[in-house]
Every structure is written in C-alpha cells, then in structure tokens.
Amino acid sequence: MKTNIFFCGYSYHTQGFHTQHKSGFPGYLFRLQTDGECEAIVNGKKVELKKGNLLLIRPGDYYELLIKENENSGDYFIGCKGSWIDNWWRRSTKPAVSRIDLNERILALWNGIIVETRRPTSKENEELIDYLLRSLCLTLERAVKEGTTSSNYPYPVTRMMRYIEEHATTSIKIGEVSEYAGLSISRAGHLFKQNVGKTMIGYAQEIRLSIAIEQMKFTTLTLEHIAETSGFSAYPYFHKVFKKKYGVAPGEYRKRTQ
C-alpha cells in the first residue's frame, strides 16, 4: 500500500484549543512544536510540549491535545499511513516525545510536503510526496537518536557538530557555534574538544578538506576555485592546510588520484 497523507500543515494557536481521539488515532501522527507550549495526553500519560519537542503517535494510540486560553502554540503536523511507514516505525523504538533540533533541513522537508499536498493530484505529485515523506521520517529518526542520552555525544556537542557541518563552506565564527548550542565560548570550546578530540575549527577544516577532495576527484574545477567553494579563504591557505594533512600538495594529490 502506498503512503497516504490525510492531513498536513502548520498551525499557530492564540486561543484555547482541544482535540481528542478516544477510540485511537487513525494513523501515524508527527507533531513538531515550534513555538510556545501545550499539553498532550498519550495513552493516559500527560506530557508538556515545548519548543523543539517532537510528538510521535502510532495508529490506535489514545491522543488528546490541549492548548490553554491565553497561551500561544505553533506546530507542524502530518497525519499519514502506509506500508513503508509501518516498516519504518517497527525497525526502531520511537519515543512518544523527544527533543530535536529545529534545523532548516527538517523544516524545509516539512514545508515541501505541505506545498506538494496542496497541488492538484497527479502521479508525479504523489511520487514526490512519497519520497519527501520518507526523507522526513529518516531525518526525524536521526534527529531523535542524536537528541537522546544514548547518542555518542552530549546534546550540545551534537548541535555544534551539525551547525559546523551545515556551515563549513562559510566563514564560521566560534561565537555563533557556541550561541547555537546555548553555551559560553570557553565552555563550548572545552566541551567540543573533550568529546570530539579536535577544536571546532579543526572539525570544520576536516569537512572542508573532504569537500575539496571530492571536487578534485570528480570535477575539472581549478584548485583555486575548489579552495574557495570548499570554504578556504584563499588558495595559499588551502595549500598549506592540505599539505600538512596529506603530506603532498593539492596539485600532486590530484594527479595521483586521476
């Protein structure tokens, strides 16, 4: 059975709101709190949902949502069902509530699904929605794992790593990375080095070098252009960092790999 989305969107409540499914929710529900807070009851257990909380409901779960008067609450939501979702749900534990990063990738996928579900129905449209939903599920699954105590790194360190990975090709400032993790610069630097084994800049350089190598192998771009698009300020600096890491100059490395 193909994936079926029976509702999808974004809502922002400025007044009281209440909904419940006493006989069990008819499918899977993904709900991501992006603003404010509210309360939910899942199978008799009350939970408070705050910004960054992801709520996952499976078919048959008792579900109740309460937004109190004079409270603001914003959220993305998707109700869906299908064989692929069934298999995805069964392959790992899905906590009812977890904390994840509200990163651009997740929100872009969610908004993409919202836009596509509003278009006139077509086979191409259905296929695109299906792949977008699968991508969202896999991205949410990874975000949940990274946000749990069972992750390889503390939550703030994971946040810093994701920020650096997404901004490696730009001029990264330590203060911005620290602020993203909610830490002081000194605390962020110590925590990152302690857990990752290298500084934030060192981690960014590692990613930049990886990007540069891929371009050197599979494109005909000049080394100067590659240095720029990989996040290095200038070719001489790229040359210095590359040779220190790999023992050969970028040009020589490129000749060997080709």
# chains A, B, ... in the order shown; residues from 1 in each chain; ligands from 1

call {"tool": "select_by_dssp", "arguments": {"residues": "range 46-170 of chain A", "states": "strand (DSSP E or B)", "output": "list in words"}}
result
Lys46, Val47, Glu48, Leu49, Lys50, Asn53, Leu54, Leu55, Leu56, Ile57, Tyr63, Glu64, Leu65, Leu66, Ile67, Ser73, Gly74, Asp75, Tyr76, Phe77, Ile78, Gly79, Cys80, Lys81, Val97, Ser98 and Arg99 of chain A

call {"tool": "closest_atom_pairs", "arguments": {"of": "range 28-77 of chain A", "to": "range 4-14 of chain A", "cutoff": "7 Å", "atoms": "only C-alpha atoms", "output": "Markdown table"}}
result
| residue | atom | partner | partner_atom | distance |
| --- | --- | --- | --- | --- |
| A:Asn70 | CA | A:Thr14 | CA | 6.6 |
| A:Glu71 | CA | A:Thr14 | CA | 6.1 |
| A:Asn72 | CA | A:Thr14 | CA | 4.7 |
| A:Ser73 | CA | A:His13 | CA | 5.2 |
| A:Gly74 | CA | A:Tyr12 | CA | 4.1 |
| A:Asp75 | CA | A:Ser11 | CA | 5.5 |
| A:Tyr76 | CA | A:Tyr10 | CA | 4.4 |
| A:Phe77 | CA | A:Cys8 | CA | 5.6 |

call {"tool": "atom_distance", "arguments": {"atom1": "CA of Thr220 in chain A", "atom2": "CA of Arg254 in chain A"}}
result
10.4 Å

call {"tool": "atom_distance", "arguments": {"atom1": "CA of Arg159 in chain A", "atom2": "CA of Ala181 in chain A"}}
result
5.8 Å
